Amino acid sequence: MLKGAEIVLQCLRAERVELMFGYPGGAIMPLYDALDGSGIRHVLTRHEQGAVFAAEGYARVTGKVGVAIATSGPGATNLVTGIADAKMDSVPLVCITGQVRSAMIGTDAFQETDVFGVTLSLTKWSRLVRTLDEIPEVIAEGFHWARSGRPGPVIIDIPTDMLKAKKEFSGPARFTPHARPADAKADGGFTDTIVAMLQQASRPVALIGAGAKLSGAIPELRQLLDQLNIPTFATVHGLGAVPPQSPYYLGMVGMHGTRAANMALHETDLLLVLGARLDDRVTGDPSRFAPHAKIVHFEIDPAQLDRVRPCDLPVIGDLAETIPAFQAELRRHTVTDFKDWRAVACGPDRAELDPRGLAQPTIRFLDELFSRLPENSVVLADVGQHQMWAAQRYRSSSPRGFITSGGLGAMGFALPAAVGVQLAKPDTCILCVSGDGGFQMNIQELATVHRLDLPIKMVIIDNKYLGMVRQWQQLFYERNYAETDLSDNPDFVEIAKAYKIPSFRMNEDVMREFPVSDETGSEIDRFLRSPNPELLVFDCAPEANVFPMVPAGAALSEMLLEEEPAE
Amino acid sequence: MRILNAVSRRGLDMPSVHADAAERDHEITLALDVNPKQIGQLYREWYAIPDVIKVRSGAAHETEWGNAHPPTGVSMERAAARA
């Protein structure tokens, strides 16, 4: 006879769970009571949002399912932002919440919330466990949906009496989904059509999204792009999928994408979308998105097709299957070398920043950091201006090397997510870049970093503003900086020290020299290679802005490259 | 519940909801006043629910559903033809 809590843990082990993140409380206590000896490591964060973001970080960097645990009521509701984040960014996540006793459900009992109802539109699948017998099936089904197809978040809500009750346990269950008639996968018939479209095109481009990483088909993708040799760009979650030194690679596309990428996307007559869902930060004004292009959309989730505008050829399936089929067809044909188009799209006239470093100091600082990172490092960015600067300057070819909250844009993501990433990759340099606003949203996770002695390299880009909102206020609200002033920020260096984490401050003036002084370079090298956690607070100009920028509602070709000069 | 949630989040009225058990599955029938754009949105959202097996429409919007939905890939068209 096993308790329900022990059955849950055995089923989690059967799903190959080794690590989970959580925060205990009343209704989930039986699960915590059974943890010892379960073979699963539990990491205590200091807030449930920290737990779910840490689980996301673990999942994003490994591709495995992240697991977060919380109690009922406020514990469960504190998971909600992370669940929404995982849904938007296709992160495999299973959240297990305690619930009040079955007999008390619906009575507004202490710490009772209908977390199943609260998260209905945010989860890929969820279940309130109703009987002890169904626990193995529910867990097996939850993990199946979290990791299958387009990955996503699952919540399993278990009343505390089910966790305490005992029953004979015959072993973990297996789940076999229904076959869906409309789930037909690409069968190869699409390949000759694409080749014909390529032969008719004069300005083809490729757009790479998160699906490329999720499929695990990075080698195949890179071979395909080398074969095609057409201008290529990536969404923020596609960064790292294409080696940045590739002669046809134009960087990030979208609202803060490179000028070259946005112009090519506006001018193209054939757009190959590989694993991207085409959200509004990528498309700009949907009615003027790629206005001259036919669209071929490679996508695993049919529900993502035709959202912005109907595509001309949907290719439904895993890129790990559809890319090789496309490659095989390409080998049987002679496809045009689009050299003239490449010369325009990838040419020097569309280069962005001056390589000598006339750019603003924060960008110089990020360039210095990134260029000195050990190989295979992982960069996490929080949400805001620093996120876009980091995405613009990220220059690694590590497919899971750049992690951020893209779709939801959840401030406070990076620090706890870095905890999950560092635990998954204990020997890897993890660089966590935050803004002064976002860092304070989960600053309590410094305690987790300290307790586990995780050697995360934390950077705060401190402009003493909610910088991205302030930038919009400056550009579109006549500089009415309503409630974005953070000039009374605490001293982050002293706060880190209170958590027993070494910290220091660097002023942006050191980045005005080009190249940077040996002293500054050495300090950055020491910081990145320290075996301990450390915080670097980088003081930057309050009114530095992110450019290029496509204003909301504008077409990608209408990007702002710099501020309008003051009259 | 997710099926209903997809409707309610768009502020649509649901004058009629009917559910029938069919072996281990359920068949849900909704009466909705929707425009073609909402048809597309609802189809995609319903189809994205993992344990929804099939989505089909009544006669009133058969043309709209038949054209763009389900999303029509090469293989999907063949599947539809076989069906």
# chains A, B, ... in the order shown; residues from 1 in each chain; ligands from 1

call {"tool": "residues_around", "arguments": {"residues": "Pro416 (chain A)", "least_positions_apart": "3", "cutoff": "6 Å", "atoms": "only C-alpha atoms", "output": "PyMOL selection string"}}
result
chain A and resi 50+53-54+419

call {"tool": "residues_around", "arguments": {"residues": "Ala68 (chain A)", "least_positions_apart": "3", "cutoff": "9 Å", "atoms": "only C-alpha atoms", "output": "mmCIF file with N, CA and C atoms, in the first residue's frame"}}
result
data_model
loop_
_atom_site.group_PDB
_atom_site.id
_atom_site.type_symbol
_atom_site.label_atom_id
_atom_site.label_comp_id
_atom_site.auth_asym_id
_atom_site.auth_seq_id
_atom_site.Cartn_x
_atom_site.Cartn_y
_atom_site.Cartn_z
ATOM 1 N N MET A 20 12.779 19.113 -9.335
ATOM 2 C CA MET A 20 11.589 19.961 -9.410
ATOM 3 C C MET A 20 11.744 21.131 -8.451
ATOM 4 N N PHE A 21 10.940 22.144 -8.694
ATOM 5 C CA PHE A 21 11.063 23.397 -7.962
ATOM 6 C C PHE A 21 9.740 23.683 -7.270
ATOM 7 N N GLY A 22 9.784 24.198 -6.076
ATOM 8 C CA GLY A 22 8.510 24.426 -5.417
ATOM 9 C C GLY A 22 8.602 25.185 -4.120
ATOM 10 N N TYR A 23 7.441 25.242 -3.488
ATOM 11 C CA TYR A 23 7.294 25.987 -2.237
ATOM 12 C C TYR A 23 6.177 25.291 -1.462
ATOM 13 N N GLU A 48 6.480 31.149 -5.294
ATOM 14 C CA GLU A 48 6.041 30.162 -6.284
ATOM 15 C C GLU A 48 6.330 30.639 -7.706
ATOM 16 N N ALA A 51 9.589 29.504 -8.502
ATOM 17 C CA ALA A 51 9.623 28.058 -8.771
ATOM 18 C C ALA A 51 9.221 27.758 -10.213
ATOM 19 N N VAL A 52 8.159 28.385 -10.665
ATOM 20 C CA VAL A 52 7.684 28.059 -12.013
ATOM 21 C C VAL A 52 8.633 28.619 -13.076
ATOM 22 N N PHE A 53 9.212 29.784 -12.825
ATOM 23 C CA PHE A 53 10.198 30.302 -13.786
ATOM 24 C C PHE A 53 11.470 29.442 -13.776
ATOM 25 N N ALA A 54 11.856 28.961 -12.596
ATOM 26 C CA ALA A 54 13.040 28.087 -12.535
ATOM 27 C C ALA A 54 12.770 26.793 -13.310
ATOM 28 N N ALA A 55 11.567 26.252 -13.138
ATOM 29 C CA ALA A 55 11.211 25.038 -13.879
ATOM 30 C C ALA A 55 11.217 25.315 -15.383
ATOM 31 N N GLU A 56 10.757 26.497 -15.756
ATOM 32 C CA GLU A 56 10.799 26.880 -17.175
ATOM 33 C C GLU A 56 12.231 26.984 -17.682
ATOM 34 N N LEU A 79 1.559 30.691 -9.437
ATOM 35 C CA LEU A 79 2.143 29.994 -10.593
ATOM 36 C C LEU A 79 1.631 30.541 -11.922
ATOM 37 N N LEU A 93 5.960 22.000 -19.439
ATOM 38 C CA LEU A 93 5.926 22.308 -18.010
ATOM 39 C C LEU A 93 4.777 21.544 -17.376
ATOM 40 N N VAL A 94 5.034 20.909 -16.241
ATOM 41 C CA VAL A 94 3.960 20.295 -15.457
ATOM 42 C C VAL A 94 3.957 20.946 -14.076
ATOM 43 N N CYS A 95 2.837 21.535 -13.700
ATOM 44 C CA CYS A 95 2.682 22.118 -12.369
ATOM 45 C C CYS A 95 1.762 21.211 -11.566
ATOM 46 N N ILE A 96 2.205 20.873 -10.369
ATOM 47 C CA ILE A 96 1.374 20.052 -9.483
ATOM 48 C C ILE A 96 0.990 20.916 -8.289
ATOM 49 N N THR A 97 -0.304 21.059 -8.082
ATOM 50 C CA THR A 97 -0.768 21.894 -6.977
ATOM 51 C C THR A 97 -1.570 21.045 -5.997
#

call {"tool": "atom_distance", "arguments": {"atom1": "CA of Ile461 (chain A)", "atom2": "CA of Asp436 (chain A)"}}
result
6.3 Å

call {"tool": "residues_around", "arguments": {"residues": "Pro231 (chain A)", "least_positions_apart": "6", "cutoff": "6 Å", "atoms": "only C-alpha atoms", "output": "MDAnalysis selection string"}}
result
chainID A and resid 205 248:249

call {"tool": "select_by_dssp", "arguments": {"residues": "region 349-403 of chain A", "states": "alpha helix (DSSP H)", "output": "list in words"}}
result
Pro361, Thr362, Ile363, Arg364, Phe365, Leu366, Asp367, Glu368, Leu369, Phe370, Ser371, Arg372, Gln385, His386, Gln387, Met388, Trp389, Ala390, Ala391, Gln392 and Arg393 of chain A

call {"tool": "atom_distance", "arguments": {"atom1": "CA of Val296 (chain A)", "atom2": "CA of Ile49 (chain B)"}}
result
24.4 Å

call {"tool": "residues_around", "arguments": {"residues": "Arg147 (chain A)", "least_positions_apart": "3", "cutoff": "9 Å", "atoms": "only C-alpha atoms", "output": "PyMOL selection string"}}
result
chain A and resi 63-65+91-93+142-144+150-153

call {"tool": "atom_distance", "arguments": {"atom1": "CA of Asn5 (chain B)", "atom2": "CA of Ile39 (chain B)"}}
result
14.7 Å

call {"tool": "closest_residue", "arguments": {"among": "A:Thr362, A:Gln440, A:Ser377, A:Thr107", "to": "Met506 (chain A)", "atoms": "only C-alpha atoms"}}
result
A:Thr362

call {"tool": "residues_around", "arguments": {"residues": "Ile139 (chain A)", "least_positions_apart": "3", "cutoff": "9 Å", "atoms": "only C-alpha atoms", "output": "list in words"}}
result
Val8, Cys11, Leu12, Glu15, Glu134, Ile135, Pro136, Gly142, Phe143, His144, Ile156, Pro172 and Ala173 of chain A

call {"tool": "write_last_selection", "arguments": {"atoms": "N, CA and C atoms", "output": "compact mmCIF listing (two decimals), in the first residue's frame"}}
result
# COMPACT_ATOMS: atom_id res chain seq x y z
N VAL A 8 2.30 9.60 -6.62
CA VAL A 8 2.63 10.75 -7.47
C VAL A 8 4.12 10.77 -7.75
N CYS A 11 5.28 8.05 -10.04
CA CYS A 11 4.89 8.34 -11.43
C CYS A 11 5.78 9.44 -12.03
N LEU A 12 6.17 10.40 -11.22
CA LEU A 12 7.08 11.43 -11.71
C LEU A 12 8.44 10.81 -12.07
N GLU A 15 8.37 9.28 -15.28
CA GLU A 15 8.45 10.26 -16.38
C GLU A 15 9.84 10.88 -16.47
N GLU A 134 -7.03 7.32 -10.27
CA GLU A 134 -6.70 7.92 -11.57
C GLU A 134 -5.36 8.66 -11.57
N ILE A 135 -4.70 8.73 -10.42
CA ILE A 135 -3.44 9.50 -10.36
C ILE A 135 -2.43 9.04 -11.41
N PRO A 136 -2.14 7.74 -11.55
CA PRO A 136 -1.13 7.35 -12.55
C PRO A 136 -1.53 7.75 -13.97
N GLY A 142 -0.75 13.96 -18.51
CA GLY A 142 -0.23 15.33 -18.38
C GLY A 142 1.15 15.47 -18.99
N PHE A 143 2.04 14.53 -18.69
CA PHE A 143 3.39 14.62 -19.26
C PHE A 143 3.37 14.42 -20.77
N HIS A 144 2.46 13.57 -21.23
CA HIS A 144 2.38 13.37 -22.68
C HIS A 144 2.04 14.69 -23.37
N ILE A 156 -1.87 19.89 -12.78
CA ILE A 156 -2.54 18.74 -12.15
C ILE A 156 -2.82 19.14 -10.71
N PRO A 172 3.33 2.78 -12.68
CA PRO A 172 2.94 3.96 -13.47
C PRO A 172 2.13 3.54 -14.70
N ALA A 173 1.31 4.47 -15.18
CA ALA A 173 0.47 4.20 -16.34
C ALA A 173 1.15 4.69 -17.62

call {"tool": "closest_residue", "arguments": {"among": "A:Gly117, A:Gly438, A:Pro291, A:Pro247", "to": "chain B", "atoms": "only C-alpha atoms"}}
result
A:Gly117
